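Undergrad: I am sharing start.csv, which consists of CSV, C-alpha atoms:
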chain,number,residue,atom,x,y,z
A,1,MET,CA,-41.8,36.2,-4.8
A,2,ASN,CA,-43.1,39.8,-4.9
A,3,ASN,CA,-45.5,40.5,-7.7
A,4,VAL,CA,-44.5,43.6,-9.7
A,5,VAL,CA,-47.1,45.9,-11.0
A,6,ILE,CA,-47.0,49.1,-13.0
A,7,ILE,CA,-49.4,51.7,-11.6
A,8,ASP,CA,-49.3,54.3,-14.4
A,9,GLY,CA,-47.1,55.9,-17.0
A,10,VAL,CA,-46.7,59.3,-18.7
A,11,ARG,CA,-44.5,60.6,-21.5
A,12,SER,CA,-43.7,63.8,-23.2
A,13,PRO,CA,-44.7,64.3,-26.8
A,14,ILE,CA,-42.2,62.9,-29.3
A,15,GLY,CA,-40.5,65.9,-30.8
A,16,LYS,CA,-38.9,65.8,-34.3
A,17,PHE,CA,-35.2,66.8,-34.8
A,18,GLY,CA,-34.9,70.5,-34.4
A,19,GLY,CA,-38.6,70.7,-33.5
A,20,GLY,CA,-40.6,71.9,-30.6
A,21,LEU,CA,-38.6,70.1,-27.9
A,22,SER,CA,-35.2,70.9,-29.3
A,23,GLY,CA,-34.9,73.9,-27.0
A,24,VAL,CA,-35.4,71.7,-23.9
A,25,ARG,CA,-32.5,70.1,-22.1
A,26,PRO,CA,-33.0,66.3,-21.6
A,27,ASP,CA,-32.6,66.6,-17.8
A,28,ASP,CA,-35.3,69.2,-17.7
A,29,LEU,CA,-37.5,67.2,-20.0
A,30,LEU,CA,-37.2,64.1,-17.8
A,31,ALA,CA,-37.8,66.2,-14.7
A,32,ASP,CA,-41.1,67.4,-16.1
A,33,VAL,CA,-42.1,63.8,-16.8
A,34,TYR,CA,-41.1,62.7,-13.2
A,35,LYS,CA,-43.2,65.5,-11.7
A,36,ALA,CA,-46.2,64.7,-13.8
A,37,LEU,CA,-46.0,61.0,-13.0
A,38,MET,CA,-46.1,61.6,-9.2
A,39,GLU,CA,-48.8,64.2,-9.4
A,40,ARG,CA,-51.0,62.0,-11.5
A,41,THR,CA,-50.6,59.0,-9.3
A,42,ARG,CA,-50.7,61.1,-6.1
A,43,VAL,CA,-47.8,59.2,-4.6
A,44,ASP,CA,-45.4,61.0,-2.4
A,45,PRO,CA,-41.9,61.0,-4.0
A,46,GLN,CA,-40.6,60.4,-0.5
A,47,LEU,CA,-41.8,56.8,-0.9
A,48,LEU,CA,-39.5,56.1,-3.8
A,49,ASP,CA,-36.7,53.7,-3.1
A,50,ASP,CA,-34.8,54.4,-6.3
A,51,ILE,CA,-35.1,55.7,-9.8
A,52,PHE,CA,-33.8,53.9,-12.9
A,53,ALA,CA,-33.7,55.9,-16.1
A,54,GLY,CA,-32.3,54.8,-19.5
A,55,CYS,CA,-30.4,57.0,-21.8
A,56,GLY,CA,-28.5,55.8,-24.8
A,57,ASN,CA,-26.4,58.9,-25.5
A,58,GLN,CA,-25.1,60.4,-22.3
A,59,ALA,CA,-22.7,62.6,-24.3
A,60,GLY,CA,-24.0,66.1,-23.5
A,61,GLU,CA,-26.5,67.6,-21.1
A,62,ASP,CA,-27.7,64.0,-20.3
A,63,ASN,CA,-24.3,63.1,-18.8
A,64,ARG,CA,-23.3,62.5,-15.2
A,65,ASN,CA,-26.3,60.4,-14.2
A,66,VAL,CA,-29.3,62.1,-15.8
A,67,ALA,CA,-31.7,59.9,-13.7
A,68,ARG,CA,-30.4,61.5,-10.5
A,69,MET,CA,-30.0,65.0,-11.9
A,70,SER,CA,-33.6,65.0,-13.2
A,71,SER,CA,-34.9,63.8,-9.8
A,72,LEU,CA,-33.3,66.8,-8.1
A,73,LEU,CA,-34.6,69.2,-10.8
A,74,ALA,CA,-38.1,67.8,-10.2
A,75,GLY,CA,-37.8,68.8,-6.6
A,76,PHE,CA,-37.7,65.3,-5.2
A,77,PRO,CA,-36.0,64.8,-1.8
A,78,ALA,CA,-32.3,64.7,-2.1
A,79,GLU,CA,-32.4,61.3,-0.2
A,80,ILE,CA,-34.0,59.6,-3.3
A,81,PRO,CA,-31.2,58.0,-5.4
A,82,GLY,CA,-31.1,57.5,-9.1
A,83,VAL,CA,-29.1,55.5,-11.6
A,84,THR,CA,-28.8,55.9,-15.4
A,85,VAL,CA,-28.6,52.7,-17.4
A,86,ASN,CA,-27.6,52.1,-21.0
A,87,ARG,CA,-28.6,49.3,-23.3
A,88,ASN,CA,-28.6,51.4,-26.4
A,89,CYS,CA,-32.1,51.3,-28.0
A,90,ALA,CA,-33.5,49.3,-25.1
A,91,SER,CA,-32.2,51.6,-22.3
A,92,ALA,CA,-35.6,52.6,-21.0
A,93,LEU,CA,-36.8,49.0,-21.1
A,94,GLU,CA,-33.7,48.0,-19.2
A,95,ALA,CA,-34.5,50.7,-16.6
A,96,VAL,CA,-38.0,49.3,-16.1
A,97,ASN,CA,-36.6,45.7,-15.9
A,98,GLN,CA,-34.0,46.8,-13.3
A,99,GLY,CA,-36.8,48.3,-11.2
A,100,ALA,CA,-38.8,45.1,-11.4
A,101,LYS,CA,-35.8,43.0,-10.4
A,102,ALA,CA,-35.1,45.2,-7.4
A,103,ILE,CA,-38.7,44.7,-6.2
A,104,ILE,CA,-38.4,41.0,-6.7
A,105,ALA,CA,-35.1,40.9,-4.8
A,106,GLY,CA,-36.7,42.8,-1.9
A,107,GLU,CA,-34.4,45.8,-2.3
A,108,GLY,CA,-37.3,48.2,-2.2
A,109,ARG,CA,-41.0,48.6,-2.9
A,110,VAL,CA,-41.6,51.7,-5.0
A,111,PHE,CA,-39.5,52.7,-8.1
A,112,ILE,CA,-39.6,54.8,-11.2
A,113,GLY,CA,-38.5,53.3,-14.5
A,114,ALA,CA,-37.9,55.9,-17.2
A,115,GLY,CA,-36.0,57.0,-20.3
A,116,VAL,CA,-34.9,60.1,-22.1
A,117,GLU,CA,-33.2,61.1,-25.3
A,118,SER,CA,-32.6,64.5,-26.9
A,119,MET,CA,-31.1,63.8,-30.3
A,120,SER,CA,-31.6,67.4,-31.3
A,121,ARG,CA,-29.2,68.5,-28.5
A,122,ALA,CA,-26.6,65.7,-28.8
A,123,PRO,CA,-23.3,67.5,-29.0
A,124,TRP,CA,-20.2,67.2,-31.1
A,125,SER,CA,-17.4,65.3,-29.4
A,126,MET,CA,-13.7,65.5,-29.9
A,127,ALA,CA,-11.0,63.2,-28.5
A,128,LYS,CA,-7.9,64.4,-26.7
A,129,PRO,CA,-4.5,63.8,-28.4
A,130,ASP,CA,-2.5,60.8,-27.3
A,131,ARG,CA,0.6,62.9,-26.9
A,132,VAL,CA,1.5,66.6,-26.5
A,133,PRO,CA,2.4,68.5,-28.5
A,134,THR,CA,0.4,67.1,-31.4
A,135,PHE,CA,0.4,68.3,-35.0
A,136,THR,CA,-2.5,66.2,-36.2
A,137,HIS,CA,-6.0,67.5,-36.9
A,138,PRO,CA,-8.4,66.4,-34.1
A,139,GLN,CA,-11.2,64.0,-35.0
A,140,MET,CA,-14.7,65.0,-34.2
A,141,TRP,CA,-17.9,63.0,-34.0
A,142,ASP,CA,-21.6,64.0,-34.1
A,143,THR,CA,-23.1,62.1,-31.2
A,144,THR,CA,-26.7,62.2,-32.5
A,145,VAL,CA,-26.6,58.6,-33.7
A,146,GLY,CA,-24.2,55.9,-34.6
A,147,TRP,CA,-20.6,54.9,-33.7
A,148,ARG,CA,-18.0,57.2,-32.2
A,149,TYR,CA,-14.5,56.6,-30.8
A,150,ASN,CA,-14.3,53.3,-32.7
A,151,ASN,CA,-11.9,50.7,-31.4
A,152,PRO,CA,-9.7,49.4,-34.3
A,153,LYS,CA,-9.7,46.0,-32.7
A,154,MET,CA,-13.5,45.9,-32.8
A,155,ASP,CA,-13.5,47.0,-36.5
A,156,ALA,CA,-11.3,44.0,-37.2
A,157,MET,CA,-13.5,41.6,-35.4
A,158,TYR,CA,-16.9,43.0,-36.5
A,159,PRO,CA,-16.6,45.5,-39.4
A,160,ILE,CA,-18.2,48.7,-38.3
A,161,ILE,CA,-21.1,49.7,-40.5
A,162,SER,CA,-24.0,52.1,-40.0
A,163,LEU,CA,-27.3,51.1,-38.5
A,164,GLY,CA,-28.9,51.6,-41.9
A,165,GLU,CA,-26.5,49.1,-43.4
A,166,THR,CA,-27.5,46.5,-40.8
A,167,ALA,CA,-31.1,47.0,-42.0
A,168,GLU,CA,-30.0,46.4,-45.6
A,169,ASN,CA,-28.4,43.2,-44.5
A,170,ILE,CA,-31.7,42.0,-42.9
A,171,ALA,CA,-33.6,43.1,-46.1
A,172,ASP,CA,-31.3,41.0,-48.2
A,173,GLU,CA,-31.4,38.0,-45.9
A,174,MET,CA,-35.2,38.0,-45.5
A,175,GLN,CA,-35.9,39.1,-49.1
A,176,ILE,CA,-37.8,42.1,-47.9
A,177,THR,CA,-38.5,44.4,-50.9
A,178,ARG,CA,-38.5,48.1,-51.1
A,179,ALA,CA,-42.3,48.0,-51.7
A,180,ASP,CA,-42.7,45.9,-48.5
A,181,GLN,CA,-40.7,48.5,-46.5
A,182,ASP,CA,-42.5,51.6,-48.0
A,183,ALA,CA,-45.9,50.0,-47.3
A,184,PHE,CA,-45.0,49.3,-43.7
A,185,ALA,CA,-43.8,52.8,-43.2
A,186,VAL,CA,-46.9,54.4,-44.6
A,187,GLU,CA,-49.1,52.2,-42.5
A,188,SER,CA,-47.1,53.1,-39.4
A,189,HIS,CA,-47.7,56.8,-40.1
A,190,ARG,CA,-51.4,56.2,-40.8
A,191,ARG,CA,-51.8,54.4,-37.5
A,192,ALA,CA,-50.1,57.2,-35.6
A,193,VAL,CA,-52.2,59.9,-37.2
A,194,GLU,CA,-55.4,57.9,-36.6
A,195,ALA,CA,-54.4,57.5,-32.9
A,196,ILE,CA,-53.7,61.2,-32.5
A,197,ASN,CA,-57.1,62.1,-34.0
A,198,ALA,CA,-58.8,59.6,-31.8
A,199,GLY,CA,-57.1,61.1,-28.7
A,200,ARG,CA,-55.6,57.8,-27.7
A,201,PHE,CA,-52.4,59.5,-26.5
A,202,LYS,CA,-54.0,62.3,-24.6
A,203,ASP,CA,-54.0,60.6,-21.2
A,204,GLU,CA,-50.4,59.6,-21.4
A,205,ILE,CA,-48.8,62.8,-22.8
A,206,VAL,CA,-47.5,65.5,-20.6
A,207,ALA,CA,-47.7,69.0,-22.2
A,208,ILE,CA,-44.2,70.5,-22.2
A,209,HIS,CA,-44.0,74.3,-21.8
A,210,VAL,CA,-41.0,75.7,-23.8
A,211,PRO,CA,-39.8,79.2,-23.3
A,212,GLY,CA,-39.3,81.1,-26.6
A,213,ARG,CA,-38.4,84.5,-27.9
A,214,LYS,CA,-42.0,85.3,-28.7
A,215,GLY,CA,-43.4,83.8,-25.5
A,216,GLU,CA,-44.0,80.3,-24.2
A,217,ILE,CA,-44.8,77.5,-26.6
A,218,ILE,CA,-46.8,74.4,-25.5
A,219,VAL,CA,-45.9,71.1,-27.1
A,220,ASP,CA,-48.6,68.5,-26.5
A,221,THR,CA,-48.7,66.5,-29.7
A,222,ASP,CA,-46.3,64.0,-31.3
A,223,GLU,CA,-44.4,65.8,-34.1
A,224,HIS,CA,-42.8,63.0,-36.1
A,225,PRO,CA,-45.8,61.3,-37.8
A,226,ARG,CA,-46.2,62.7,-41.3
A,227,TYR,CA,-49.4,64.8,-41.1
A,228,ARG,CA,-50.8,68.1,-41.9
A,229,ASN,CA,-53.1,70.0,-39.6
A,230,LYS,CA,-56.3,70.9,-41.3
A,231,ASN,CA,-58.6,73.0,-39.1
A,232,GLY,CA,-57.5,71.2,-35.9
A,233,ARG,CA,-57.7,67.7,-37.4
A,234,TYR,CA,-54.7,65.8,-38.7
A,235,GLU,CA,-54.5,64.3,-42.1
A,236,LEU,CA,-51.9,61.8,-43.3
A,237,ASP,CA,-49.3,63.6,-45.4
A,238,THR,CA,-47.4,60.7,-47.0
A,239,SER,CA,-48.2,57.9,-49.5
A,240,ILE,CA,-46.7,54.9,-51.2
A,241,GLU,CA,-46.0,57.2,-54.2
A,242,ASP,CA,-44.2,59.7,-52.0
A,243,MET,CA,-42.1,57.0,-50.4
A,244,GLY,CA,-41.2,55.6,-53.8
A,245,LYS,CA,-39.6,58.9,-54.8
A,246,LEU,CA,-36.9,58.7,-52.1
A,247,LYS,CA,-33.4,57.6,-52.9
A,248,PRO,CA,-31.6,54.8,-50.9
A,249,ALA,CA,-29.9,56.3,-47.9
A,250,PHE,CA,-27.2,53.8,-47.1
A,251,ARG,CA,-26.4,51.8,-50.3
A,252,LYS,CA,-26.5,53.0,-53.9
A,253,ASP,CA,-28.6,50.1,-54.9
A,254,GLY,CA,-30.3,49.6,-51.5
A,255,THR,CA,-33.9,49.6,-50.3
A,256,VAL,CA,-33.6,51.4,-47.0
A,257,THR,CA,-34.5,55.1,-47.3
A,258,ALA,CA,-35.1,58.0,-45.0
A,259,GLY,CA,-38.8,57.4,-45.4
A,260,ASN,CA,-38.8,53.7,-44.3
A,261,SER,CA,-36.4,54.4,-41.4
A,262,SER,CA,-37.3,55.8,-38.0
A,263,GLY,CA,-36.8,59.5,-37.3
A,264,ILE,CA,-34.3,61.4,-35.2
A,265,ASN,CA,-36.4,62.5,-32.2
A,266,ASP,CA,-36.6,63.9,-28.6
A,267,GLY,CA,-38.7,62.7,-25.8
A,268,ALA,CA,-39.0,61.2,-22.3
A,269,ALA,CA,-41.2,58.7,-20.5
A,270,ALA,CA,-41.6,57.2,-17.0
A,271,VAL,CA,-43.7,54.6,-15.2
A,272,LEU,CA,-44.4,54.1,-11.5
A,273,MET,CA,-43.9,50.5,-10.3
A,274,MET,CA,-44.2,48.8,-7.0
A,275,ASP,CA,-45.0,45.4,-5.5
A,276,ALA,CA,-48.7,44.4,-5.6
A,277,ASP,CA,-49.1,44.5,-1.8
A,278,LYS,CA,-47.8,48.1,-1.7
A,279,ALA,CA,-50.3,49.1,-4.4
A,280,LEU,CA,-53.1,47.6,-2.3
A,281,GLU,CA,-51.8,49.4,0.7
A,282,LEU,CA,-51.9,52.7,-1.1
A,283,ASN,CA,-55.3,51.9,-2.7
A,284,LEU,CA,-53.8,52.2,-6.2
A,285,LYS,CA,-55.2,50.2,-9.2
A,286,PRO,CA,-52.4,48.7,-11.3
A,287,MET,CA,-52.3,49.3,-15.1
A,288,VAL,CA,-50.4,46.1,-15.8
A,289,ARG,CA,-48.4,43.3,-14.1
A,290,TRP,CA,-44.7,42.8,-15.0
A,291,LEU,CA,-44.1,39.1,-15.7
A,292,GLY,CA,-40.5,39.0,-16.9
A,293,SER,CA,-37.8,40.1,-19.2
A,294,ALA,CA,-35.0,38.6,-21.4
A,295,SER,CA,-32.0,39.9,-23.3
A,296,ALA,CA,-30.1,38.3,-26.2
A,297,GLY,CA,-27.1,39.3,-28.4
A,298,VAL,CA,-26.9,38.9,-32.1
A,299,ASP,CA,-24.2,39.5,-34.8
A,300,PRO,CA,-23.8,43.3,-35.0
A,301,ALA,CA,-24.2,43.1,-38.8
A,302,VAL,CA,-27.8,42.2,-38.2
A,303,MET,CA,-28.4,44.0,-34.9
A,304,GLY,CA,-32.1,44.5,-35.6
A,305,TYR,CA,-32.8,40.9,-35.1
A,306,GLY,CA,-32.2,41.3,-31.3
A,307,PRO,CA,-35.9,41.2,-30.3
A,308,VAL,CA,-36.2,37.7,-31.9
A,309,PRO,CA,-34.0,35.6,-29.6
A,310,ALA,CA,-34.9,37.8,-26.6
A,311,THR,CA,-38.6,37.2,-27.1
A,312,GLU,CA,-38.1,33.4,-27.7
A,313,LYS,CA,-36.0,33.2,-24.5
A,314,LEU,CA,-38.7,35.0,-22.5
A,315,LEU,CA,-41.6,32.9,-23.9
A,316,VAL,CA,-39.8,29.7,-22.9
A,317,ARG,CA,-39.1,31.1,-19.4
A,318,LEU,CA,-42.8,32.1,-18.9
A,319,GLY,CA,-44.2,28.9,-20.5
A,320,LEU,CA,-46.0,30.9,-23.2
A,321,LYS,CA,-46.3,30.7,-27.0
A,322,ILE,CA,-46.3,33.7,-29.3
A,323,GLU,CA,-50.0,33.0,-30.0
A,324,ASP,CA,-50.7,33.8,-26.3
A,325,ILE,CA,-49.7,37.4,-26.8
A,326,GLY,CA,-52.6,39.7,-27.5
A,327,LEU,CA,-50.7,43.0,-28.2
A,328,VAL,CA,-47.1,43.5,-29.3
A,329,GLU,CA,-45.0,46.6,-29.2
A,330,LEU,CA,-41.9,46.1,-31.4
A,331,ASN,CA,-38.9,48.3,-32.2
A,332,GLU,CA,-39.4,50.1,-35.6
A,333,ALA,CA,-35.9,51.5,-36.1
A,334,PHE,CA,-36.2,50.4,-39.8
A,335,ALA,CA,-39.2,48.9,-41.7
A,336,ALA,CA,-36.8,46.2,-42.9
A,337,GLN,CA,-35.8,45.3,-39.3
A,338,ALA,CA,-39.3,45.3,-38.0
A,339,LEU,CA,-40.6,43.2,-40.8
A,340,GLY,CA,-37.7,40.8,-40.4
A,341,CYS,CA,-38.5,40.3,-36.7
A,342,MET,CA,-42.2,39.9,-37.4
A,343,ARG,CA,-41.6,37.2,-40.0
A,344,LYS,CA,-39.1,35.3,-37.8
A,345,LEU,CA,-41.4,35.4,-34.7
A,346,GLY,CA,-44.6,34.9,-36.7
A,347,LEU,CA,-46.2,38.1,-35.4
A,348,ASN,CA,-49.7,39.1,-36.5
A,349,PRO,CA,-49.5,42.6,-38.1
A,350,GLU,CA,-53.0,43.4,-36.8
A,351,ILE,CA,-51.8,43.3,-33.2
A,352,THR,CA,-48.3,44.6,-33.7
A,353,ASN,CA,-47.6,48.3,-33.1
A,354,VAL,CA,-51.2,49.3,-33.3
Mind converting the file's structure to structure tokens?

TA:
Amino acid sequence: MNNVVIIDGVRSPIGKFGGGLSGVRPDDLLADVYKALMERTRVDPQLLDDIFAGCGNQAGEDNRNVARMSSLLAGFPAEIPGVTVNRNCASALEAVNQGAKAIIAGEGRVFIGAGVESMSRAPWSMAKPDRVPTFTHPQMWDTTVGWRYNNPKMDAMYPIISLGETAENIADEMQITRADQDAFAVESHRRAVEAINAGRFKDEIVAIHVPGRKGEIIVDTDEHPRYRNKNGRYELDTSIEDMGKLKPAFRKDGTVTAGNSSGINDGAAAVLMMDADKALELNLKPMVRWLGSASAGVDPAVMGYGPVPATEKLLVRLGLKIEDIGLVELNEAFAAQALGCMRKLGLNPEITNV
């Protein structure tokens, strides 16, 4: 079996909703990341066998196979194909996994695994009428986040609720308090600000040049962490007390707030992957080796538990225990969801999302 290695990876800064990247189309954003990845690794794009890119929205400028469109915009040869995959929040992870599986299957040797979302630029969407003429008012959806074009049959089978309400369900089931969630959120922001100040993201971030009315703007720092810029150094700009002032966002008596939920953001990322022999042939030093992947479904009412059975399945497949894992990156859609997964898996907070 071919051993799969990841040579390197780059990403754009994470822009906040309506922030520095809101004026950049997602296909252009991903194209910038593609170009930076190949320039950094000094690998000729002609060697690419395929490009897999995840995108959970695909409702606007990211439609019609953004993986392929961005490849062309990046100036890659027209002969290089591309495919866009969608597994909602795990779309980019799925893109990497598909690249790895293609290498193992012998379908190619060099691939890009990537992802892009622009929630700022997600469009409004309107359905066509079932019959013409129609005298009903058209229904519109904001495609930024959540359900759209709901199937009544699905609603009868699995009552459709917001993502935030699923986090409330997990908080109830796991008895995760508001204080627990607020503390987790503040610590997440603190770690992010600390990492920015330490320059830990500098090597992986691609500066994005954004044309503006008053000239070009360069976005090179993550925008979403709560910080204030004080003479070039960032200071944490939130606290437990600040979090405690926020009202519940999804239930009147709930514990999930805007503060202990993830943000609405824009960004893109990509990794270069290949079989180990090809890396040796090109004299490239791998960053990591890809060992495997697993997916699992859960009740939509507690969708945030998804990482738990998927992780358990993969550990069994690889013959590992959770204690064998030295560093964990876990979805933080909501503090309640992240804490619920950590408790179920027995994850050490000191090595999770550091």

Undergrad: Grab the atom CA of Glu216 of chain A to atom CA of Ala114 of chain A distance for me, in Å with one decimal place.

TA: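 A separation of 26.1 Å between them.
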
Undergrad: Between atom CA of Gly319 of chain A and atom CA of Trp290 of chain A, what distance in Å does the model show, to one decimal?

TA: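 Computing it gives 15.0 Å between the two atoms.
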
Undergrad: Just how far from atom CA of Ile351 of chain A is atom CA of Ile112 of chain A, in Å to one decimal?

TA: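 Taking atom CA of Ile112 of chain A and atom CA of Ile351 of chain A, their separation equals 27.7 Å.
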
Undergrad: Could you tell me which of A:Arg68, A:Arg191, A:Arg109, A:Lys285 comes closest to Gly82 of chain A if we count all atoms listed in the file?

TA: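 For Gly82 of chain A, the nearest of the candidates is A:Arg68.
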
Undergrad: Kindly indicate which residue among A:Ala36, A:Ala336, A:Ala100, A:Ile6 lies nearest to Ile170 of chain A, using all atoms listed in the file for the distances.

TA: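 Of A:Ala36, A:Ala336, A:Ala100, A:Ile6, the one nearest Ile170 of chain A, counting all atoms listed in the file, is A:Ala336.
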
Undergrad: Residues within 10 Å of Asp49 of chain A, please, as a ChimeraX atom specification. Count all atoms listed in the file; anything in the same chain fewer than 2 positions from it doesn't count.

TA: /A:45-47,51,79-82,99,102-103,107-112,274

Undergrad: Which is closer to Thr177 of chain A than all the others in A:Leu339, A:Met154, A:Met119, A:Leu347, using only C-alpha atoms?

TA: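 Using only C-alpha atoms, Thr177 of chain A sits closest to A:Leu339.
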
Undergrad: Excluding same-chain residues fewer than 4 positions from Gly60 of chain A, what lies within 8 Å of it counting all atoms listed in the file, as a PDB file with C-alpha atoms, keeping the file's coordinate frame?

TA:
ATOM      1  CA  ARG A 121     -29.200  68.500 -28.500  1.00  0.00           C
ATOM      2  CA  ALA A 122     -26.600  65.700 -28.800  1.00  0.00           C
ATOM      3  CA  PRO A 123     -23.300  67.500 -29.000  1.00  0.00           C
TER       4      PRO A 123
END

Undergrad: Taking only C-alpha atoms into account, which of A:Leu318, A:Ala185, A:Ala78, A:Ile217 comes nearest Ala258 of chain A?

TA: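 The shortest atom-to-atom distance to Ala258 of chain A comes from A:Ala185.
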
Undergrad: With all atoms listed in the file as the basis for distance, which of A:Gly340, A:Pro129, A:Gly23, A:Gly292 is at the shortest distance from Gly304 of chain A?

TA: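 Of all the options, A:Gly340 lies closest to Gly304 of chain A.
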
Undergrad: Nearest to Val316 of chain A: which of A:Ile104, A:Ala294, A:Ala53, A:Ala279 is it, counting all atoms listed in the file?

TA: A:Ala294

Undergrad: Write out as a ChimeraX atom specification the residues lying within 12 Å of Arg233 of chain A, counting only C-alpha atoms and excluding same-chain residues fewer than 3 positions away.

TA: /A:193-199,221,227-230,236

Undergrad: Neighbouring residues of segment 139-143 of chain A were defined as those with any atom within 8 Å, considering only C-alpha atoms; residues of the same chain fewer than 3 positions away were excluded. Please report them as a ChimeraX atom specification.

TA: /A:57,59,122-127,146,148-149

Undergrad: Kindly export the residues of the current selection with C-alpha atoms, as a tab-separated table (two decimals), keeping the file's coordinate frame.

TA:
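out26.tsv written:
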chain	number	residue	atom	x	y	z
A	57	ASN	CA	-26.40	58.90	-25.50
A	59	ALA	CA	-22.70	62.60	-24.30
A	122	ALA	CA	-26.60	65.70	-28.80
A	123	PRO	CA	-23.30	67.50	-29.00
A	124	TRP	CA	-20.20	67.20	-31.10
A	125	SER	CA	-17.40	65.30	-29.40
A	126	MET	CA	-13.70	65.50	-29.90
A	127	ALA	CA	-11.00	63.20	-28.50
A	146	GLY	CA	-24.20	55.90	-34.60
A	148	ARG	CA	-18.00	57.20	-32.20
A	149	TYR	CA	-14.50	56.60	-30.80

Undergrad: Contacts of Glu187 of chain A at 12 Å or less, counting all atoms listed in the file, minus same-chain residues fewer than 4 places along, as a list in words?

TA: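 Surrounding residues, per the criterion: Asp180, Gln181, Asp182, Ala183, Arg191, Ala192, Val193, Glu194, Pro225, Arg226, Leu236, Asp237, Thr238, Ser239, Ile240, Met243, Gly259, Asn260, Ala335, Pro349, Glu350, Thr352, Asn353 and Val354 of chain A.
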
Undergrad: Residues proximal to (-33.9, 51.1, -55.0) were defined as those with any atom within 12 Å of that point in the file's coordinates, counting all atoms listed in the file. Which are they, as a PyMOL selection string?

TA: chain A and resi 168+171+177-179+181-182+243-257

Undergrad: Starting from the block above, write segment 163-209 of chain A out to a file with C-alpha atoms, as an mmCIF file, in the first residue's frame, please.

TA:
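Output below, filename out34.cif:
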data_model
loop_
_atom_site.group_PDB
_atom_site.id
_atom_site.type_symbol
_atom_site.label_atom_id
_atom_site.label_comp_id
_atom_site.auth_asym_id
_atom_site.auth_seq_id
_atom_site.Cartn_x
_atom_site.Cartn_y
_atom_site.Cartn_z
ATOM 1 C CA LEU A 163 -27.411 24.393 14.868
ATOM 2 C CA GLY A 164 -27.473 26.367 18.101
ATOM 3 C CA GLU A 165 -30.399 24.340 19.371
ATOM 4 C CA THR A 166 -28.456 21.134 18.769
ATOM 5 C CA ALA A 167 -25.727 22.581 20.998
ATOM 6 C CA GLU A 168 -28.361 23.304 23.641
ATOM 7 C CA ASN A 169 -29.419 19.650 23.442
ATOM 8 C CA ILE A 170 -25.842 18.528 24.085
ATOM 9 C CA ALA A 171 -25.497 20.968 26.979
ATOM 10 C CA ASP A 172 -28.666 19.552 28.523
ATOM 11 C CA GLU A 173 -27.665 15.931 28.015
ATOM 12 C CA MET A 174 -24.109 16.362 29.319
ATOM 13 C CA GLN A 175 -25.053 18.902 32.024
ATOM 14 C CA ILE A 176 -22.636 21.450 30.602
ATOM 15 C CA THR A 177 -23.242 24.742 32.370
ATOM 16 C CA ARG A 178 -23.188 28.272 31.009
ATOM 17 C CA ALA A 179 -20.101 28.899 33.150
ATOM 18 C CA ASP A 180 -18.359 25.888 31.574
ATOM 19 C CA GLN A 181 -19.109 27.162 28.086
ATOM 20 C CA ASP A 182 -18.077 30.757 28.759
ATOM 21 C CA ALA A 183 -14.799 29.647 30.346
ATOM 22 C CA PHE A 184 -14.052 27.409 27.356
ATOM 23 C CA ALA A 185 -14.752 30.263 24.928
ATOM 24 C CA VAL A 186 -12.528 32.746 26.760
ATOM 25 C CA GLU A 187 -9.698 30.202 26.899
ATOM 26 C CA SER A 188 -10.079 29.557 23.168
ATOM 27 C CA HIS A 189 -9.695 33.266 22.424
ATOM 28 C CA ARG A 190 -6.773 33.523 24.862
ATOM 29 C CA ARG A 191 -4.917 30.695 23.141
ATOM 30 C CA ALA A 192 -5.541 32.227 19.726
ATOM 31 C CA VAL A 193 -4.262 35.653 20.778
ATOM 32 C CA GLU A 194 -1.221 34.082 22.448
ATOM 33 C CA ALA A 195 -0.440 32.138 19.268
ATOM 34 C CA ILE A 196 -0.763 35.264 17.116
ATOM 35 C CA ASN A 197 1.628 37.189 19.365
ATOM 36 C CA ALA A 198 4.093 34.293 19.330
ATOM 37 C CA GLY A 199 4.011 34.226 15.528
ATOM 38 C CA ARG A 200 2.949 30.580 15.408
ATOM 39 C CA PHE A 201 0.708 31.158 12.398
ATOM 40 C CA LYS A 202 3.128 33.294 10.389
ATOM 41 C CA ASP A 203 4.576 30.431 8.357
ATOM 42 C CA GLU A 204 1.220 29.010 7.346
ATOM 43 C CA ILE A 205 -0.653 32.232 6.540
ATOM 44 C CA VAL A 206 -0.744 33.645 3.018
ATOM 45 C CA ALA A 207 -1.172 37.417 3.012
ATOM 46 C CA ILE A 208 -4.201 38.345 0.903
ATOM 47 C CA HIS A 209 -4.064 41.567 -1.109
#
